[in-house]
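Contents: one structure, followed by commentary.
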Amino acid sequence: MKFESNYNLRSLNTFKLNSQARFFVELNRVEDLHEIYDFAMANNVSIRILGGGSNLILPEHIEALVIKNNLTGSRFTGEETRSISIACASGVNWHSFVLSSIGQGLFGLENLALIPGTVGGAPIQNIGAYGVEVNQFITKVTGYDFDTNTIKALTNPECQFEYRHSIFKTPAYKNFLITEVEFKLLKHAQPVLSYAELAQAFARQPNVQARDIANKVIQIRQRKLPDVQTIPNVGSFFKNPITNAQTVSNLKVKFPDLVVHTLADGQFKLAAGQLIDKLGFKGRRHGTVAMYEKQALVMINLGEARLIDVKKMTDLVQQECLTQLGILLETEPIFW
Ligand code: EPU
């Protein structure tokens, strides 16, 4: 293993921020974790774990050992009448894993096609899209706990999954490196077509296959979301806010076309992108960043983005949303 010093993480984060890690190492085998642990102890530095870097906003300097997770491989772990279980290493690219599960004739992850990042990142923020959240298919998350130098496995309920949240985002799991995620996937189609664009696309098609849905999702995402290869970004920059009936009816007076989803607990989820759009932020720039012209929920790097501009743009959006609409927007990516 090669431990590097003062390593630039620009190519390893999809927002393409310049960020220097005090120390850096690539993890290719689980067995190497003990040596990495020893290095961190010997140099008296904390650790930070980097997967696909697609949901991260990095500081200019990181006084830690950054571990780039390159763990690969997957294995069958069980079979039941209606399902097959697969454990996948955390460093595998998420979209490749989705495509390989579809290739093996399995169903469940098709609505989550083309989400950037790794398999290990999926449970952390409980990725979701087009009516499906990944926690519906996760049975176990295994990882290495740098605090105790041991391997630990969590069952689905222990992961405490919520909308774009899990126990892995809490301080207690800051030093937990997810090594493997186990999924229980379906042998038979159970298409989720609740999202309007999918419902329309397949209204007349019998026997919709996982591949058909994945292809449609890919098409929608490519149309709406900027490609990280050409326009650096971290996907949705804010979470969709949850609010009460009073706020919804106030906002409806102002915006009759307000997008509102009623939740099981009687609260309401609004579309942050629509609100930011209504406030006139689509295409608006601040220094080196802008809110994307085709989807106001996504902040983009205009070239050489600086953290100070990212933070200022975040403040501008949050302040306007709060003062003009009475809605507090929470950021969605993780700020290191
Ligand atoms: N809208 C606007 N203007 C905009 C953006 C959106 O009016 O600039 C409206 C849309 O027309 C639509 C509504 O807002 O009626 C919702 O927009 P969209 O369907 O594009 O989805 P979203 O709520 O913006 C969420 C997730 C995405 C996920 C899509 C599809 C969050 C924060 N975002 O976006 O997840 O792909 O639904 O399910 O929950 C991510 O987490 O990084 C992400 C991309």
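The chains in the structure tokens are called A, B, ... from first to last as shown; in each chain the residues are counted from 1, and the ligands are counted from 1 in the order shown.
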Selection within 6 Å of ligand 1 by only C-alpha atoms and all ligand atoms, output as a PyMOL selection string:
chain A and resi 129-130+235-236+238-240+259+271+273-274+277+295-297
Mind dumping the selected residues with N, CA and C atoms as a tab-separated table (two decimals), in the first residue's frame?
chain	number	residue	atom	x	y	z
A	129	ALA	N	-35.00	7.25	-6.00
A	129	ALA	CA	-35.41	7.93	-7.22
A	129	ALA	C	-36.61	7.19	-7.82
A	130	TYR	N	-37.48	7.96	-8.43
A	130	TYR	CA	-38.61	7.42	-9.19
A	130	TYR	C	-39.41	6.36	-8.42
A	235	GLY	N	-25.66	16.19	-7.76
A	235	GLY	CA	-27.09	15.84	-7.79
A	235	GLY	C	-27.90	16.88	-7.03
A	236	SER	N	-29.01	16.46	-6.45
A	236	SER	CA	-29.86	17.40	-5.71
A	236	SER	C	-29.03	18.06	-4.62
A	238	PHE	N	-30.41	20.22	-2.34
A	238	PHE	CA	-31.24	20.37	-1.14
A	238	PHE	C	-32.21	19.20	-1.06
A	239	LYS	N	-32.62	18.89	0.17
A	239	LYS	CA	-33.63	17.85	0.36
A	239	LYS	C	-34.99	18.44	0.07
A	240	ASN	N	-35.92	17.62	-0.37
A	240	ASN	CA	-37.29	18.10	-0.53
A	240	ASN	C	-37.87	18.33	0.86
A	259	VAL	N	-46.28	21.70	-6.35
A	259	VAL	CA	-46.20	20.23	-6.32
A	259	VAL	C	-46.22	19.80	-4.86
A	271	ALA	N	-41.55	20.06	-3.53
A	271	ALA	CA	-40.41	19.87	-4.43
A	271	ALA	C	-39.48	21.07	-4.29
A	273	GLY	N	-36.86	21.78	-5.81
A	273	GLY	CA	-36.49	22.30	-7.12
A	273	GLY	C	-37.51	23.31	-7.63
A	274	GLN	N	-38.78	23.01	-7.43
A	274	GLN	CA	-39.83	23.92	-7.90
A	274	GLN	C	-39.77	25.24	-7.11
A	277	ASP	N	-36.82	27.25	-8.18
A	277	ASP	CA	-37.16	27.74	-9.51
A	277	ASP	C	-38.08	28.96	-9.41
A	295	GLN	N	-32.66	22.45	-14.06
A	295	GLN	CA	-33.16	21.83	-12.83
A	295	GLN	C	-32.58	22.63	-11.67
A	296	ALA	N	-33.42	23.50	-11.10
A	296	ALA	CA	-32.94	24.47	-10.11
A	296	ALA	C	-32.44	23.82	-8.83
A	297	LEU	N	-32.70	22.54	-8.63
A	297	LEU	CA	-32.29	21.85	-7.41
A	297	LEU	C	-30.81	21.47	-7.42
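For segment 58-69 of chain A, the set of protein, DNA and RNA residues having any atom at most 8 Å away, when counting only C-alpha atoms and skipping those fewer than 4 positions along the same chain, is Leu17, Asn18, Ser19, Gln20, Ala21, Arg22, Phe23, Phe24, Val25, Glu26, Leu27, Asn28, Ala40, Val45, Ser46, Ile47, Arg48, Ile49, Leu50, Gly51, Ser90, Gly91, Leu307, Phe335 and Trp336 of chain A.
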Calculate how many Å separate atom CA of Gly287 of chain A from atom CA of Gln318 of chain A, rounding to one decimal.
17.3 Å
Choose the residue, out of A:Glu180, A:Asn135, A:Val208, A:Leu329, that has the smallest atom-to-atom separation from Glu158 of chain A; count only C-alpha atoms.
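The answer is A:Asn135, which sits nearest to Glu158 of chain A.
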Can you tell me, as a ChimeraX atom specification, what residues are no more than 9 Å from Glu133 of chain A when counting only C-alpha atoms, ignoring any on the same chain fewer than 3 positions away?
/A:109,111-112,126-130,136-137,163-164
Dump N, CA and C atoms for the selected residues as a tab-separated table (two decimals), in the first residue's frame?
chain	number	residue	atom	x	y	z
A	109	LEU	N	-33.89	-2.91	-8.40
A	109	LEU	CA	-33.05	-1.71	-8.42
A	109	LEU	C	-33.19	-0.88	-9.69
A	111	ASN	N	-35.30	1.24	-10.89
A	111	ASN	CA	-35.64	2.66	-10.81
A	111	ASN	C	-34.47	3.50	-10.32
A	112	LEU	N	-33.43	2.83	-9.82
A	112	LEU	CA	-32.28	3.54	-9.25
A	112	LEU	C	-31.09	3.55	-10.21
A	126	ASN	N	-29.26	6.65	1.84
A	126	ASN	CA	-30.46	5.94	1.41
A	126	ASN	C	-30.95	6.49	0.07
A	127	ILE	N	-30.14	6.26	-0.96
A	127	ILE	CA	-30.46	6.82	-2.28
A	127	ILE	C	-31.87	6.43	-2.73
A	128	GLY	N	-32.49	7.34	-3.44
A	128	GLY	CA	-33.85	7.08	-3.89
A	128	GLY	C	-34.13	7.82	-5.18
A	129	ALA	N	-35.00	7.25	-6.00
A	129	ALA	CA	-35.41	7.93	-7.22
A	129	ALA	C	-36.61	7.19	-7.82
A	130	TYR	N	-37.48	7.96	-8.43
A	130	TYR	CA	-38.61	7.42	-9.19
A	130	TYR	C	-39.41	6.36	-8.42
A	136	GLN	N	-35.36	-0.47	0.74
A	136	GLN	CA	-36.36	-1.52	0.51
A	136	GLN	C	-35.69	-2.85	0.16
A	137	PHE	N	-34.45	-2.81	-0.31
A	137	PHE	CA	-33.79	-4.03	-0.78
A	137	PHE	C	-32.54	-4.40	0.02
A	163	TYR	N	-35.72	9.13	4.78
A	163	TYR	CA	-35.55	9.83	3.50
A	163	TYR	C	-34.17	10.50	3.46
A	164	ARG	N	-33.31	10.04	2.55
A	164	ARG	CA	-31.94	10.56	2.37
A	164	ARG	C	-31.14	10.59	3.68
What's the 12 Å shell around Lys312 of chain A, counting only C-alpha atoms, without same-chain residues fewer than 5 positions away, as a ChimeraX atom specification?
/A:285-290,299,305-307,317-319
Asn13 of chain A: which residues within 8 Å, counting only C-alpha atoms, same-chain residues fewer than 6 positions away excluded, as an NGL selection string?
:A and (52-54 or 56)
Those residues you just picked out, can you put them in a file as a PDB file, in the first residue's frame with C-alpha atoms?
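The result, stored in result-v1.pdb:
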ATOM      1  CA  GLY A  52     -17.610   7.827  -5.457  1.00  0.00           C
ATOM      2  CA  GLY A  53     -17.312  11.397  -4.125  1.00  0.00           C
ATOM      3  CA  SER A  54     -20.650  12.161  -5.763  1.00  0.00           C
ATOM      4  CA  LEU A  56     -19.695  15.415  -1.048  1.00  0.00           C
TER       5      LEU A  56
END
Just the residues within 12 Å of Val134 of chain A, please, counting only C-alpha atoms, with nothing from its chain fewer than 6 positions along; format it as a ChimeraX atom specification.
/A:94,98,108-113,115,119-128,140,156,159,161-166,181-185
Emit the selected residues as an mmCIF file, in the first residue's frame, including N, CA and C atoms.
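Saved file out16.cif follows:
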data_model
loop_
_atom_site.group_PDB
_atom_site.id
_atom_site.type_symbol
_atom_site.label_atom_id
_atom_site.label_comp_id
_atom_site.auth_asym_id
_atom_site.auth_seq_id
_atom_site.Cartn_x
_atom_site.Cartn_y
_atom_site.Cartn_z
ATOM 1 N N TRP A 94 -22.163 2.088 -8.407
ATOM 2 C CA TRP A 94 -23.577 1.762 -8.181
ATOM 3 C C TRP A 94 -24.300 1.361 -9.467
ATOM 4 N N VAL A 98 -26.340 -2.075 -10.534
ATOM 5 C CA VAL A 98 -27.750 -2.111 -10.968
ATOM 6 C C VAL A 98 -27.848 -2.878 -12.287
ATOM 7 N N GLY A 108 -35.794 -4.973 -8.848
ATOM 8 C CA GLY A 108 -35.803 -4.181 -7.621
ATOM 9 C C GLY A 108 -35.068 -2.870 -7.755
ATOM 10 N N LEU A 109 -33.888 -2.908 -8.403
ATOM 11 C CA LEU A 109 -33.049 -1.714 -8.415
ATOM 12 C C LEU A 109 -33.187 -0.883 -9.693
ATOM 13 N N GLU A 110 -34.073 -1.330 -10.615
ATOM 14 C CA GLU A 110 -34.132 -0.686 -11.927
ATOM 15 C C GLU A 110 -34.462 0.812 -11.876
ATOM 16 N N ASN A 111 -35.300 1.235 -10.895
ATOM 17 C CA ASN A 111 -35.643 2.660 -10.813
ATOM 18 C C ASN A 111 -34.466 3.505 -10.318
ATOM 19 N N LEU A 112 -33.434 2.830 -9.821
ATOM 20 C CA LEU A 112 -32.281 3.537 -9.252
ATOM 21 C C LEU A 112 -31.094 3.552 -10.215
ATOM 22 N N ALA A 113 -31.374 3.301 -11.495
ATOM 23 C CA ALA A 113 -30.310 3.296 -12.509
ATOM 24 C C ALA A 113 -29.694 4.693 -12.632
ATOM 25 N N ILE A 115 -27.670 6.447 -10.949
ATOM 26 C CA ILE A 115 -27.322 7.316 -9.816
ATOM 27 C C ILE A 115 -25.807 7.226 -9.651
ATOM 28 N N VAL A 119 -21.648 1.464 -4.373
ATOM 29 C CA VAL A 119 -22.571 0.614 -3.606
ATOM 30 C C VAL A 119 -22.499 0.983 -2.119
ATOM 31 N N GLY A 120 -21.314 1.305 -1.629
ATOM 32 C CA GLY A 120 -21.158 1.668 -0.222
ATOM 33 C C GLY A 120 -21.821 2.997 0.126
ATOM 34 N N GLY A 121 -21.916 3.871 -0.857
ATOM 35 C CA GLY A 121 -22.549 5.176 -0.620
ATOM 36 C C GLY A 121 -24.063 5.074 -0.573
ATOM 37 N N ALA A 122 -24.597 4.045 -1.225
ATOM 38 C CA ALA A 122 -26.058 3.920 -1.365
ATOM 39 C C ALA A 122 -26.792 3.902 -0.019
ATOM 40 N N PRO A 123 -26.354 3.066 0.965
ATOM 41 C CA PRO A 123 -27.074 3.081 2.247
ATOM 42 C C PRO A 123 -26.848 4.347 3.056
ATOM 43 N N ILE A 124 -25.695 5.003 2.898
ATOM 44 C CA ILE A 124 -25.394 6.163 3.748
ATOM 45 C C ILE A 124 -26.495 7.204 3.623
ATOM 46 N N GLN A 125 -26.785 7.601 2.384
ATOM 47 C CA GLN A 125 -27.844 8.609 2.224
ATOM 48 C C GLN A 125 -29.162 7.965 1.771
ATOM 49 N N ASN A 126 -29.256 6.646 1.840
ATOM 50 C CA ASN A 126 -30.463 5.938 1.413
ATOM 51 C C ASN A 126 -30.950 6.492 0.070
ATOM 52 N N ILE A 127 -30.145 6.262 -0.965
ATOM 53 C CA ILE A 127 -30.456 6.821 -2.284
ATOM 54 C C ILE A 127 -31.866 6.426 -2.727
ATOM 55 N N GLY A 128 -32.490 7.337 -3.441
ATOM 56 C CA GLY A 128 -33.851 7.076 -3.892
ATOM 57 C C GLY A 128 -34.125 7.819 -5.180
ATOM 58 N N LYS A 140 -28.465 -6.223 4.875
ATOM 59 C CA LYS A 140 -27.344 -6.141 5.825
ATOM 60 C C LYS A 140 -26.277 -5.176 5.318
ATOM 61 N N ASN A 156 -31.111 -4.403 8.550
ATOM 62 C CA ASN A 156 -31.832 -3.269 7.968
ATOM 63 C C ASN A 156 -32.399 -2.324 9.038
ATOM 64 N N CYS A 159 -29.961 0.022 10.639
ATOM 65 C CA CYS A 159 -29.425 1.117 9.813
ATOM 66 C C CYS A 159 -30.244 2.400 9.964
ATOM 67 N N PHE A 161 -32.934 3.690 8.483
ATOM 68 C CA PHE A 161 -33.109 4.401 7.221
ATOM 69 C C PHE A 161 -34.273 5.391 7.278
ATOM 70 N N GLU A 162 -34.050 6.564 6.707
ATOM 71 C CA GLU A 162 -35.106 7.561 6.521
ATOM 72 C C GLU A 162 -34.884 8.175 5.139
ATOM 73 N N TYR A 163 -35.718 9.132 4.776
ATOM 74 C CA TYR A 163 -35.553 9.834 3.497
ATOM 75 C C TYR A 163 -34.167 10.501 3.455
ATOM 76 N N ARG A 164 -33.310 10.043 2.552
ATOM 77 C CA ARG A 164 -31.939 10.556 2.371
ATOM 78 C C ARG A 164 -31.142 10.591 3.681
ATOM 79 N N HIS A 165 -31.382 9.597 4.534
ATOM 80 C CA HIS A 165 -30.691 9.579 5.828
ATOM 81 C C HIS A 165 -30.573 8.156 6.364
ATOM 82 N N SER A 166 -29.546 7.928 7.189
ATOM 83 C CA SER A 166 -29.377 6.630 7.870
ATOM 84 C C SER A 166 -28.450 6.851 9.053
ATOM 85 N N VAL A 181 -22.429 -4.542 1.151
ATOM 86 C CA VAL A 181 -23.868 -4.342 1.353
ATOM 87 C C VAL A 181 -24.590 -5.556 0.780
ATOM 88 N N GLU A 182 -25.502 -6.119 1.575
ATOM 89 C CA GLU A 182 -26.267 -7.272 1.084
ATOM 90 C C GLU A 182 -27.659 -6.818 0.657
ATOM 91 N N PHE A 183 -28.052 -7.277 -0.531
ATOM 92 C CA PHE A 183 -29.355 -6.929 -1.108
ATOM 93 C C PHE A 183 -30.185 -8.186 -1.302
ATOM 94 N N LYS A 184 -31.488 -8.056 -1.085
ATOM 95 C CA LYS A 184 -32.409 -9.152 -1.386
ATOM 96 C C LYS A 184 -33.209 -8.686 -2.601
ATOM 97 N N LEU A 185 -32.923 -9.298 -3.752
ATOM 98 C CA LEU A 185 -33.563 -8.851 -4.998
ATOM 99 C C LEU A 185 -34.603 -9.861 -5.459
#
Determine which residues of segment 109-142 of chain A receive a DSSP assignment of strand (DSSP E or B), computed from the backbone, and state them as an MDAnalysis selection string.
chainID A and resid 118 128:129 132:133 138:142
Output file for the residues above (N, CA and C atoms, as a JSON list (two decimals), in the first residue's frame):
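Output (selection.json):
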[["chain", "number", "residue", "atom", "x", "y", "z"],
["A", 118, "THR", "N", -21.06, 4.93, -5.38],
["A", 118, "THR", "CA", -20.71, 3.53, -5.18],
["A", 118, "THR", "C", -21.79, 2.79, -4.39],
["A", 128, "GLY", "N", -32.49, 7.34, -3.44],
["A", 128, "GLY", "CA", -33.85, 7.08, -3.89],
["A", 128, "GLY", "C", -34.13, 7.82, -5.18],
["A", 129, "ALA", "N", -35.00, 7.25, -6.00],
["A", 129, "ALA", "CA", -35.41, 7.93, -7.22],
["A", 129, "ALA", "C", -36.61, 7.19, -7.82],
["A", 132, "VAL", "N", -38.66, 4.61, -5.66],
["A", 132, "VAL", "CA", -37.98, 3.51, -4.95],
["A", 132, "VAL", "C", -36.86, 4.08, -4.08],
["A", 133, "GLU", "N", -36.71, 3.51, -2.88],
["A", 133, "GLU", "CA", -35.56, 3.87, -2.04],
["A", 133, "GLU", "C", -34.77, 2.58, -1.80],
["A", 138, "ILE", "N", -32.18, -3.59, 0.98],
["A", 138, "ILE", "CA", -30.96, -3.87, 1.77],
["A", 138, "ILE", "C", -31.31, -4.75, 2.97],
["A", 139, "THR", "N", -30.54, -5.84, 3.14],
["A", 139, "THR", "CA", -30.78, -6.72, 4.29],
["A", 139, "THR", "C", -29.66, -6.60, 5.33],
["A", 140, "LYS", "N", -28.46, -6.22, 4.87],
["A", 140, "LYS", "CA", -27.34, -6.14, 5.82],
["A", 140, "LYS", "C", -26.28, -5.18, 5.32],
["A", 141, "VAL", "N", -25.69, -4.42, 6.23],
["A", 141, "VAL", "CA", -24.56, -3.56, 5.88],
["A", 141, "VAL", "C", -23.40, -3.93, 6.80],
["A", 142, "THR", "N", -22.28, -4.33, 6.18],
["A", 142, "THR", "CA", -21.11, -4.75, 6.97],
["A", 142, "THR", "C", -20.02, -3.70, 6.81]]
Can you tell me, as a ChimeraX atom specification, which residues in segment 185-224 of chain A count as helix (DSSP H, G or I) by DSSP?
/A:196-201,210-224
Can I get the selection written as a JSON list (two decimals), in the first residue's frame, with C-alpha atoms?
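After the write, out_25.json holds the following:
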[["chain", "number", "residue", "atom", "x", "y", "z"],
["A", 196, "ALA", "CA", -45.87, 10.07, -13.55],
["A", 197, "GLU", "CA", -43.30, 9.87, -16.35],
["A", 198, "LEU", "CA", -42.89, 6.11, -15.87],
["A", 199, "ALA", "CA", -46.64, 5.54, -15.59],
["A", 200, "GLN", "CA", -47.18, 7.33, -18.91],
["A", 201, "ALA", "CA", -44.33, 5.57, -20.67],
["A", 210, "ALA", "CA", -36.53, -4.28, -15.32],
["A", 211, "ARG", "CA", -34.42, -3.37, -18.33],
["A", 212, "ASP", "CA", -37.27, -1.30, -19.86],
["A", 213, "ILE", "CA", -37.67, 0.70, -16.66],
["A", 214, "ALA", "CA", -33.93, 1.21, -16.24],
["A", 215, "ASN", "CA", -33.67, 2.46, -19.83],
["A", 216, "LYS", "CA", -36.50, 4.93, -19.30],
["A", 217, "VAL", "CA", -35.02, 6.14, -16.00],
["A", 218, "ILE", "CA", -31.66, 6.62, -17.73],
["A", 219, "GLN", "CA", -33.38, 8.66, -20.43],
["A", 220, "ILE", "CA", -35.21, 10.88, -17.89],
["A", 221, "ARG", "CA", -32.10, 11.42, -15.76],
["A", 222, "GLN", "CA", -29.98, 12.29, -18.80],
["A", 223, "ARG", "CA", -32.57, 14.85, -19.85],
["A", 224, "LYS", "CA", -33.03, 16.50, -16.45]]
Closest of A:Pro226, A:Pro191, A:Gly103, A:Gly326 to Pro241 of chain A - atom-to-atom distances counting only C-alpha atoms
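Looking at the shortest contact to Pro241 of chain A, the residue is A:Gly326.
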Using only C-alpha atoms, which of A:Gly78, A:Pro157, A:Pro116, A:Gly283 sits nearest Asn93 of chain A?
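Of the candidates, the smallest distance to Asn93 of chain A is held by A:Pro116.
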